[in-house]
$ cat protein-v6.cif   # mmCIF, C-alpha atoms
data_entry
#
loop_
_atom_site.label_atom_id
_atom_site.label_comp_id
_atom_site.auth_asym_id
_atom_site.auth_seq_id
_atom_site.Cartn_x
_atom_site.Cartn_y
_atom_site.Cartn_z
CA MET A 6 2.42 25.05 12.36
CA GLN A 7 0.31 22.36 14.01
CA PRO A 8 1.11 18.69 13.43
CA LEU A 9 -1.21 16.62 11.28
CA ASN A 10 -2.99 14.17 13.53
CA SER A 11 -5.45 12.00 11.65
CA GLY A 12 -6.50 8.47 12.54
CA ASP A 13 -3.38 6.41 13.16
CA LEU A 14 -1.08 8.93 11.49
CA ILE A 15 0.85 11.84 12.95
CA ILE A 16 3.06 14.15 10.91
CA GLU A 17 5.11 16.46 13.10
CA HIS A 18 6.41 19.71 11.69
CA SER A 19 9.56 21.43 12.86
CA GLN A 20 11.94 23.97 11.42
CA ARG A 21 15.70 23.85 11.69
CA GLY A 22 16.83 27.34 10.92
CA PRO A 23 15.31 29.16 7.98
CA GLU A 24 16.57 26.62 5.45
CA THR A 25 14.99 23.33 6.48
CA ILE A 26 11.43 22.25 7.20
CA ARG A 27 11.37 18.83 8.79
CA LEU A 28 8.35 16.50 8.75
CA ASP A 29 8.39 13.38 10.94
CA TRP A 30 5.89 10.71 9.92
CA LYS A 31 4.76 8.48 12.78
CA GLY A 32 2.22 5.70 13.26
CA ARG A 33 0.32 4.19 10.34
CA SER A 34 -0.86 5.92 7.18
CA ASN A 35 -3.84 3.75 6.34
CA ALA A 36 -6.64 6.19 5.51
CA ARG A 37 -9.04 5.35 2.71
CA ARG A 38 -8.43 8.78 1.15
CA PRO A 39 -5.00 9.87 2.34
CA ASP A 40 -4.98 12.53 -0.37
CA GLU A 41 -7.88 14.32 1.33
CA VAL A 42 -6.18 14.15 4.71
CA ILE A 43 -2.54 14.78 3.83
CA ASN A 44 -2.60 17.03 0.77
CA PRO A 45 -3.94 20.15 2.50
CA PHE A 46 -1.23 19.83 5.16
CA LEU A 47 1.51 19.25 2.58
CA SER A 48 0.24 22.16 0.49
CA ASP A 49 0.73 24.47 3.46
CA VAL A 50 4.22 23.07 4.01
CA LEU A 51 5.08 23.55 0.35
CA ALA A 52 3.83 27.14 0.41
CA GLN A 53 5.91 27.81 3.50
CA ALA A 54 8.99 26.28 1.87
CA ARG A 55 8.53 28.34 -1.28
CA SER A 56 8.06 31.58 0.58
CA GLY A 57 11.18 31.02 2.65
CA THR A 58 13.20 29.18 0.01
CA ALA A 59 13.57 26.29 2.40
CA GLU A 60 14.02 22.62 1.63
CA ILE A 61 11.66 19.94 2.93
CA GLU A 62 13.09 16.99 4.81
CA MET A 63 10.64 14.11 5.33
CA HIS A 64 11.51 11.43 7.89
CA PHE A 65 9.86 8.03 7.80
CA GLU A 66 12.23 6.04 9.98
CA THR A 67 9.67 5.42 12.73
CA LEU A 68 6.64 5.07 10.47
CA GLU A 69 5.03 1.66 10.92
CA TYR A 70 3.01 1.37 7.73
CA LEU A 71 1.83 3.24 4.69
CA ASN A 72 -0.71 2.00 2.19
CA SER A 73 -0.30 2.28 -1.56
CA SER A 74 -2.65 5.27 -1.71
CA THR A 75 -0.24 7.12 0.56
CA VAL A 76 2.66 6.19 -1.71
CA GLY A 77 0.67 7.86 -4.49
CA VAL A 78 0.26 10.99 -2.38
CA LEU A 79 4.01 11.11 -1.72
CA VAL A 80 4.91 10.66 -5.36
CA GLN A 81 2.55 13.40 -6.44
CA PHE A 82 3.84 15.72 -3.74
CA LEU A 83 7.34 15.05 -5.00
CA HIS A 84 6.15 16.11 -8.44
CA ARG A 85 4.66 19.33 -7.03
CA ALA A 86 7.82 20.11 -5.07
CA ARG A 87 9.91 19.65 -8.21
CA ALA A 88 7.60 21.91 -10.17
CA GLY A 89 7.91 24.55 -7.45
CA GLY A 90 11.69 24.27 -7.33
CA VAL A 91 11.67 23.08 -3.70
CA PRO A 92 14.39 20.60 -2.68
CA LEU A 93 12.88 17.53 -1.04
CA SER A 94 14.38 14.54 0.75
CA PHE A 95 12.86 11.25 1.85
CA ASN A 96 14.71 9.77 4.82
CA TYR A 97 14.09 6.12 5.69
CA SER A 98 15.55 3.27 7.72
CA PRO A 99 17.43 0.73 5.58
CA ASN A 100 17.16 -1.75 8.46
CA VAL A 101 13.42 -2.06 7.89
CA ARG A 102 12.84 -4.12 4.75
CA TRP A 103 9.53 -2.60 3.69
CA GLN A 104 11.01 0.89 4.00
CA LYS A 105 14.04 -0.12 2.01
CA LEU A 106 11.89 -1.57 -0.78
CA SER A 107 9.46 1.36 -0.83
CA PHE A 108 11.96 4.18 -0.73
CA GLU A 109 14.70 2.69 -2.86
CA ALA A 110 12.18 2.56 -5.70
CA LEU A 111 11.76 6.33 -5.34
CA ARG A 112 15.38 6.81 -6.36
CA VAL A 113 14.08 6.88 -9.92
CA PHE A 114 13.06 10.48 -9.19
CA GLU A 115 16.49 11.27 -7.77
CA GLN A 116 17.91 10.46 -11.18
CA MET A 117 15.49 12.89 -12.83
CA ASP A 118 16.11 15.87 -10.53
CA HIS A 119 19.07 16.56 -8.28
CA ARG A 120 16.81 18.45 -5.86
CA VAL A 121 15.15 15.14 -4.93
CA ARG A 122 17.09 12.94 -2.53
CA VAL A 123 16.35 9.55 -1.02
CA ILE A 124 18.47 9.02 2.07
CA ALA A 125 19.05 5.80 3.98
CA VAL A 126 19.49 6.78 7.61
CA THR A 127 21.71 4.16 9.17
CA GLY A 128 21.32 3.64 12.90
CA ALA A 129 17.69 4.71 12.75
CA MET B 29 -21.63 -0.20 7.38
CA ALA B 30 -19.53 0.98 10.32
CA THR B 31 -19.06 -1.33 13.26
CA ALA B 32 -17.48 -0.55 16.56
CA THR B 33 -15.81 -3.91 16.84
CA LEU B 34 -14.31 -6.35 14.43
CA ALA B 35 -17.33 -8.34 13.38
CA HIS B 36 -15.90 -11.40 11.77
CA ALA B 37 -16.47 -15.08 11.88
CA ARG B 38 -13.14 -16.68 12.55
CA THR B 39 -13.16 -20.16 11.11
CA PRO B 40 -10.12 -22.33 11.40
CA VAL B 41 -10.82 -24.44 8.31
CA GLY B 42 -7.91 -26.67 9.15
CA LYS B 43 -4.64 -26.49 10.89
CA ASP B 44 -3.11 -24.61 7.99
CA SER B 45 -6.01 -22.31 7.07
CA LEU B 46 -7.79 -19.32 8.47
CA THR B 47 -10.99 -17.78 7.14
CA LEU B 48 -12.37 -14.43 8.27
CA ARG B 49 -15.74 -12.99 7.31
CA LEU B 50 -15.60 -9.20 7.45
CA PRO B 51 -17.96 -6.29 6.99
CA PRO B 52 -16.92 -3.91 4.19
CA ASP B 53 -15.77 -1.36 6.72
CA TRP B 54 -12.43 0.46 6.63
CA ASP B 55 -11.81 0.26 10.37
CA ALA B 56 -12.71 -3.42 10.47
CA ILE B 57 -10.15 -4.38 7.85
CA GLN B 58 -7.42 -2.47 9.71
CA ARG B 59 -8.01 -4.70 12.71
CA VAL B 60 -7.27 -7.83 10.69
CA TRP B 61 -3.54 -7.02 10.72
CA ASP B 62 -2.80 -8.75 14.04
CA PRO B 63 -4.57 -12.07 13.41
CA CYS B 64 -2.93 -12.20 9.97
CA ARG B 65 0.49 -11.51 11.44
CA GLU B 66 -0.07 -14.28 13.95
CA TYR B 67 -1.12 -16.68 11.21
CA PHE B 68 1.85 -15.93 8.94
CA ALA B 69 4.31 -16.07 11.83
CA GLN B 70 3.03 -19.53 12.68
CA ARG B 71 4.04 -20.64 9.19
CA GLY B 72 7.67 -20.12 10.22
CA LEU B 73 8.24 -17.08 8.01
CA ASP B 74 10.69 -14.36 9.04
CA ASP B 75 9.43 -11.03 10.39
CA ASP B 76 10.02 -9.10 7.17
CA THR B 77 8.11 -11.65 5.09
CA VAL B 78 5.30 -11.69 7.64
CA TYR B 79 5.08 -7.90 7.41
CA GLY B 80 5.07 -8.03 3.61
CA LEU B 81 2.23 -10.55 3.56
CA CYS B 82 0.23 -8.48 6.06
CA MET B 83 0.68 -5.52 3.71
CA VAL B 84 -0.56 -7.62 0.77
CA THR B 85 -3.57 -8.76 2.79
CA GLN B 86 -4.35 -5.18 3.73
CA GLU B 87 -4.13 -3.98 0.12
CA LEU B 88 -6.40 -6.79 -1.10
CA LEU B 89 -8.95 -5.96 1.59
CA GLU B 90 -8.78 -2.24 0.83
CA ASN B 91 -9.55 -3.00 -2.82
CA ALA B 92 -12.45 -5.24 -1.79
CA VAL B 93 -13.97 -2.46 0.33
CA LYS B 94 -13.42 0.17 -2.36
CA TYR B 95 -14.69 -1.76 -5.35
CA GLY B 96 -17.01 -4.43 -3.98
CA VAL B 97 -20.72 -4.02 -4.64
CA PHE B 98 -22.40 -4.82 -1.35
CA ASP B 99 -26.13 -5.24 -0.97
CA GLU B 100 -28.62 -7.35 0.93
CA GLY B 101 -27.46 -10.93 0.97
CA ARG B 102 -23.99 -9.91 -0.17
CA GLU B 103 -22.81 -7.93 2.79
CA HIS B 104 -19.39 -9.36 3.54
CA ILE B 105 -15.85 -9.83 2.38
CA GLN B 106 -14.24 -13.20 2.90
CA LEU B 107 -10.54 -13.47 3.62
CA ALA B 108 -8.93 -16.90 3.44
CA LEU B 109 -5.33 -17.58 4.37
CA SER B 110 -3.76 -20.93 3.70
CA GLY B 111 -0.22 -22.14 3.87
CA SER B 112 2.09 -25.04 3.36
CA SER B 113 5.84 -25.44 3.17
CA GLU B 114 5.65 -24.62 -0.55
CA ALA B 115 3.36 -21.59 -0.59
CA VAL B 116 1.19 -19.18 1.35
CA THR B 117 -2.03 -18.08 -0.32
CA ILE B 118 -4.09 -15.00 0.54
CA GLU B 119 -7.51 -14.98 -1.10
CA VAL B 120 -10.15 -12.27 -0.81
CA HIS B 121 -13.71 -12.69 -2.07
CA SER B 122 -15.92 -9.68 -2.69
CA PRO B 123 -19.25 -9.22 -4.49
CA LEU B 124 -19.39 -8.03 -8.10
CA ASP B 125 -22.25 -6.27 -9.82
CA GLY B 126 -21.86 -8.09 -13.12
CA GLU B 127 -20.29 -5.01 -14.64
CA SER B 128 -17.28 -6.13 -16.63
CA ALA B 129 -15.33 -2.87 -16.76
CA ARG B 130 -13.79 -3.55 -13.36
CA LEU B 131 -12.67 -7.01 -14.45
CA ARG B 132 -11.21 -5.66 -17.67
CA ARG B 133 -9.23 -3.06 -15.71
CA LEU B 134 -8.02 -5.72 -13.30
CA ASP B 135 -7.02 -8.07 -16.09
CA SER B 136 -5.35 -5.25 -17.98
CA MET B 137 -3.30 -4.23 -14.93
CA ILE B 138 -2.21 -7.81 -14.27
CA GLN B 139 -1.18 -8.28 -17.88
CA TRP B 140 0.67 -4.95 -17.73
CA ILE B 141 2.67 -6.12 -14.71
CA ARG B 142 3.46 -9.39 -16.46
CA GLY B 143 4.94 -7.47 -19.34
CA PHE B 144 7.90 -6.42 -17.21
CA GLN B 145 10.96 -8.48 -16.56
CA SER B 146 10.63 -7.96 -12.82
CA PRO B 147 8.00 -6.58 -10.40
CA PHE B 148 10.50 -3.87 -9.45
CA GLU B 149 10.55 -2.53 -13.01
CA ALA B 150 6.76 -2.57 -13.11
CA TYR B 151 6.57 -0.72 -9.80
CA VAL B 152 9.00 1.98 -10.91
CA GLY B 153 7.10 2.32 -14.17
CA ARG B 154 3.89 2.82 -12.27
CA LEU B 155 5.48 5.37 -9.93
CA LYS B 156 6.47 7.46 -12.94
CA GLU B 157 2.91 7.33 -14.27
CA VAL B 158 1.44 8.30 -10.90
CA ALA B 159 3.82 11.25 -10.60
CA ALA B 160 2.66 12.62 -13.90
CA ARG B 161 -1.09 12.68 -13.35
CA PRO B 162 -3.63 13.36 -10.61
CA PHE B 163 -5.29 10.23 -9.34
CA ASP B 164 -9.04 10.14 -9.27
CA ASN B 165 -11.12 9.16 -6.27
CA GLY B 166 -8.07 8.30 -4.22
CA GLU B 167 -6.99 5.60 -6.67
CA SER B 168 -3.23 5.50 -7.02
CA GLY B 169 -3.21 2.31 -9.12
CA LEU B 170 -0.16 1.21 -7.15
CA GLY B 171 -1.76 -1.49 -4.99
CA LEU B 172 -1.45 -4.52 -7.28
CA VAL B 173 2.03 -3.77 -8.49
CA ARG B 174 3.16 -3.10 -4.93
CA MET B 175 1.88 -6.53 -3.89
CA ALA B 176 3.96 -8.11 -6.65
CA TYR B 177 7.07 -6.07 -5.84
CA GLU B 178 7.17 -5.56 -2.07
CA GLY B 179 5.05 -8.58 -1.18
CA GLN B 180 6.85 -10.81 -3.69
CA CYS B 181 3.50 -12.39 -4.54
CA ILE B 182 2.05 -13.90 -7.67
CA LEU B 183 -1.35 -12.35 -8.33
CA ASP B 184 -4.35 -14.04 -9.84
CA PHE B 185 -8.11 -13.76 -9.90
CA TYR B 186 -11.23 -15.61 -10.97
CA THR B 187 -14.93 -14.98 -10.85
CA ASP B 188 -17.75 -17.10 -9.56
CA GLY B 189 -20.21 -16.41 -12.31
CA ALA B 190 -20.89 -12.71 -12.27
CA SER B 191 -21.43 -12.39 -8.54
CA VAL B 192 -18.12 -12.87 -6.74
CA LEU B 193 -14.56 -11.80 -7.47
CA ALA B 194 -11.86 -13.93 -5.88
CA MET B 195 -8.49 -12.19 -5.86
CA SER B 196 -5.46 -14.12 -4.71
CA ALA B 197 -1.83 -13.47 -3.89
CA VAL B 198 0.54 -16.39 -3.58
CA TYR B 199 3.90 -16.22 -1.87
CA GLN B 200 6.32 -19.03 -2.60
CA PRO B 201 9.29 -19.02 -0.23
CA GLN B 202 11.46 -21.03 -2.61
CA ALA B 203 10.76 -18.57 -5.42
CA GLY B 204 12.28 -15.77 -3.34
CA ALA B 205 11.88 -12.39 -4.97
CA ALA B 206 10.62 -13.73 -8.29
CA GLY B 207 7.13 -12.27 -7.86
CA GLY B 208 4.90 -11.71 -10.87
CA THR B 209 1.35 -12.27 -11.92
CA HIS B 210 -0.88 -14.45 -13.95
CA GLY B 211 -4.50 -13.59 -14.39
CA CYS B 212 -7.64 -15.04 -15.81
CA ALA B 213 -11.10 -13.60 -15.95
#

$ encode --input "protein-v6.cif" --output "C-alpha cells"
Amino acid sequence: MQPLNSGDLIIEHSQRGPETIRLDWKGRSNARRPDEVINPFLSDVLAQARSGTAEIEMHFETLEYLNSSTVGVLVQFLHRARAGGVPLSFNYSPNVRWQKLSFEALRVFEQMDHRVRVIAVTGA
Amino acid sequence: MATATLAHARTPVGKDSLTLRLPPDWDAIQRVWDPCREYFAQRGLDDDTVYGLCMVTQELLENAVKYGVFDEGREHIQLALSGSSEAVTIEVHSPLDGESARLRRLDSMIQWIRGFQSPFEAYVGRLKEVAARPFDNGESGLGLVRMAYEGQCILDFYTDGASVLAMSAVYQPQAGAAGGTHGCA
C-alpha cells in the first residue's frame, strides 16, 4: 500500500506480520479538509485490517502538528474501527506537551472499549 | 484568493505588539507560524507554551478563513499579537455578513465551554460528541474548546457593528492551566 503524501503530511504504511498494520504520521496535518484527504486512505487501511483480522497501530511520535479538524478525523476513525471490531492504538510521545495533552484526552475512548489503546511511548 | 507568497503587512505597533494583515488563503495562514513563534518566544515563554499559542493562533486564523465573508473592500484578515508580563493576547479580525446565526453559534459554543468545571472536561465532552456523529463540511467543532484546553486560553469575541468579528484568546501565565472562556456578542 502506498503512503499518503498530501501537503505537509505523510502517513507511512507498513505491516508487521499478519497481525499488525502500522501507520506512521509525519510532518504537519494542517489541511483545510483533512477528512477528504485522510478518510479514503484510512478506509482502505480499515478494510485491510478487517479482511486480515489485524490491529491498527498509529504512531504520532514524530508528527509536528495536527489541527483540530484532524483530531475530528481521528476520533471518527476510532469510532469506525470500534464498530468494525478492529483493535486500534494511538502511540504518542509524552515528552512533547501538545501530544500529551491531545492524546491523553483520547483515553476516554479507552475506558469505553478495551480494543482502543492510547500508549505513551517513552524515549520517543 | 491564492497567493504564492505570504502577502501581509507586518506592522510592529509597538515593542510588545505585532499586527499582520493576511489574505484569506489557507497557505498564507500556515506561513504565519514562524513569525508568531518568534514573537511569543520573545515574550520569554517556554517552548511548550509558545507552541500552544502558535496552535491557538492557527486555529483562530483557520476559523477566519473558513467563516469570514470576504468581498471587495473587505479582503483581509487581521492578526494582532500583544503581550505583557501579565498576559498575551491573540486577536483575529474577519469580516461578517451581518448574518447572526454564526454569532449565535459562536456564543453558544463559548457558553457551553464555560459550563464545564475545566477546559479538559469540555474537550473530552466534545470528543465524545464528535465520535458519535459525522461532521459536516469539515467542521469538527473542536477548535474553540481545544484552544481553551491545550492552549490554556480564555476566549472572547466582540463585533464592530455588523461588519467585523474580533475573536480573541488570552493567555495569562500566572493563571497557569485555568483556561476558560467568557463571551459577549

$ interface_residues --input "protein-v6.cif" --of "chain B" --to "chain A" --cutoff "10 Å" --atoms "all atoms listed in the file" --output "ChimeraX atom specification"
/B:54-55,58,75-77,79-80,83-84,86-87,90,93-94,148-149,151-163,165-175,177-179

$ residues_around --input "protein-v6.cif" --residues "range 188-198 of chain B" --least-positions-apart "3" --cutoff "9 Å" --atoms "all atoms listed in the file" --output "number ranges by chain"
B: 81, 84-85, 88, 92, 96, 115-128, 131, 175-176, 179-185, 207, 209

$ axis_aligned_box --input "protein-v6.cif" --around "range 100-119 of chain B" --padding-each-side "8 Å" --output "JSON"
{"center_x": -11.4, "center_y": -16.4, "center_z": 1.6, "size_x": 50.5, "size_y": 34.1, "size_z": 21.5}

$ atom_distance --input "protein-v6.cif" --atom1 "CA of Met6 in chain A" --atom2 "CA of His18 in chain A"
6.7 Å

$ atom_distance --input "protein-v6.cif" --atom1 "CA of Gly101 in chain B" --atom2 "CA of Trp61 in chain B"
26.1 Å

$ atom_distance --input "protein-v6.cif" --atom1 "CA of Val97 in chain B" --atom2 "CA of Leu134 in chain B"
15.5 Å

$ closest_residue --input "protein-v6.cif" --among "A:Glu69, A:Gly12, A:His119, A:Asn44" --to "Trp30 in chain A" --atoms "all atoms listed in the file"
A:Glu69

$ resolve_selection --input "protein-v6.cif" --expression "the PyMOL selection byres ((chain A and resi 124) around 12)" --output "ChimeraX atom specification"
/A:62-66,93-99,104-105,108-112,115,121-123,125-127,129

$ resolve_selection --input "protein-v6.cif" --expression "the PyMOL selection byres ((chain A and resi 92) around 8)" --output "PyMOL selection string"
chain A and resi 59-61+86-87+90-91+93-94+120-121

$ write_last_selection --input "protein-v6.cif" --atoms "C-alpha atoms" --output "PDB file, in the coordinates of the input"
ATOM      1  CA  ALA A  59      13.570  26.290   2.400  1.00  0.00           C
ATOM      2  CA  GLU A  60      14.020  22.620   1.630  1.00  0.00           C
ATOM      3  CA  ILE A  61      11.660  19.940   2.930  1.00  0.00           C
ATOM      4  CA  ALA A  86       7.820  20.110  -5.070  1.00  0.00           C
ATOM      5  CA  ARG A  87       9.910  19.650  -8.210  1.00  0.00           C
ATOM      6  CA  GLY A  90      11.690  24.270  -7.330  1.00  0.00           C
ATOM      7  CA  VAL A  91      11.670  23.080  -3.700  1.00  0.00           C
ATOM      8  CA  LEU A  93      12.880  17.530  -1.040  1.00  0.00           C
ATOM      9  CA  SER A  94      14.380  14.540   0.750  1.00  0.00           C
ATOM     10  CA  ARG A 120      16.810  18.450  -5.860  1.00  0.00           C
ATOM     11  CA  VAL A 121      15.150  15.140  -4.930  1.00  0.00           C
TER      12      VAL A 121
END

$ resolve_selection --input "protein-v6.cif" --expression "the PyMOL selection byres ((chain B and resi 66) around 12)" --output "PDB file with C-alpha atoms, in the frame of the given file"
ATOM      1  CA  LEU B  46      -7.790 -19.320   8.470  1.00  0.00           C
ATOM      2  CA  VAL B  60      -7.270  -7.830  10.690  1.00  0.00           C
ATOM      3  CA  TRP B  61      -3.540  -7.020  10.720  1.00  0.00           C
ATOM      4  CA  ASP B  62      -2.800  -8.750  14.040  1.00  0.00           C
ATOM      5  CA  PRO B  63      -4.570 -12.070  13.410  1.00  0.00           C
ATOM      6  CA  CYS B  64      -2.930 -12.200   9.970  1.00  0.00           C
ATOM      7  CA  ARG B  65       0.490 -11.510  11.440  1.00  0.00           C
ATOM      8  CA  TYR B  67      -1.120 -16.680  11.210  1.00  0.00           C
ATOM      9  CA  PHE B  68       1.850 -15.930   8.940  1.00  0.00           C
ATOM     10  CA  ALA B  69       4.310 -16.070  11.830  1.00  0.00           C
ATOM     11  CA  GLN B  70       3.030 -19.530  12.680  1.00  0.00           C
ATOM     12  CA  ARG B  71       4.040 -20.640   9.190  1.00  0.00           C
ATOM     13  CA  GLY B  72       7.670 -20.120  10.220  1.00  0.00           C
ATOM     14  CA  LEU B  73       8.240 -17.080   8.010  1.00  0.00           C
ATOM     15  CA  ASP B  74      10.690 -14.360   9.040  1.00  0.00           C
ATOM     16  CA  ASP B  75       9.430 -11.030  10.390  1.00  0.00           C
ATOM     17  CA  VAL B  78       5.300 -11.690   7.640  1.00  0.00           C
ATOM     18  CA  TYR B  79       5.080  -7.900   7.410  1.00  0.00           C
ATOM     19  CA  LEU B  81       2.230 -10.550   3.560  1.00  0.00           C
ATOM     20  CA  CYS B  82       0.230  -8.480   6.060  1.00  0.00           C
ATOM     21  CA  LEU B 109      -5.330 -17.580   4.370  1.00  0.00           C
TER      22      LEU B 109
END
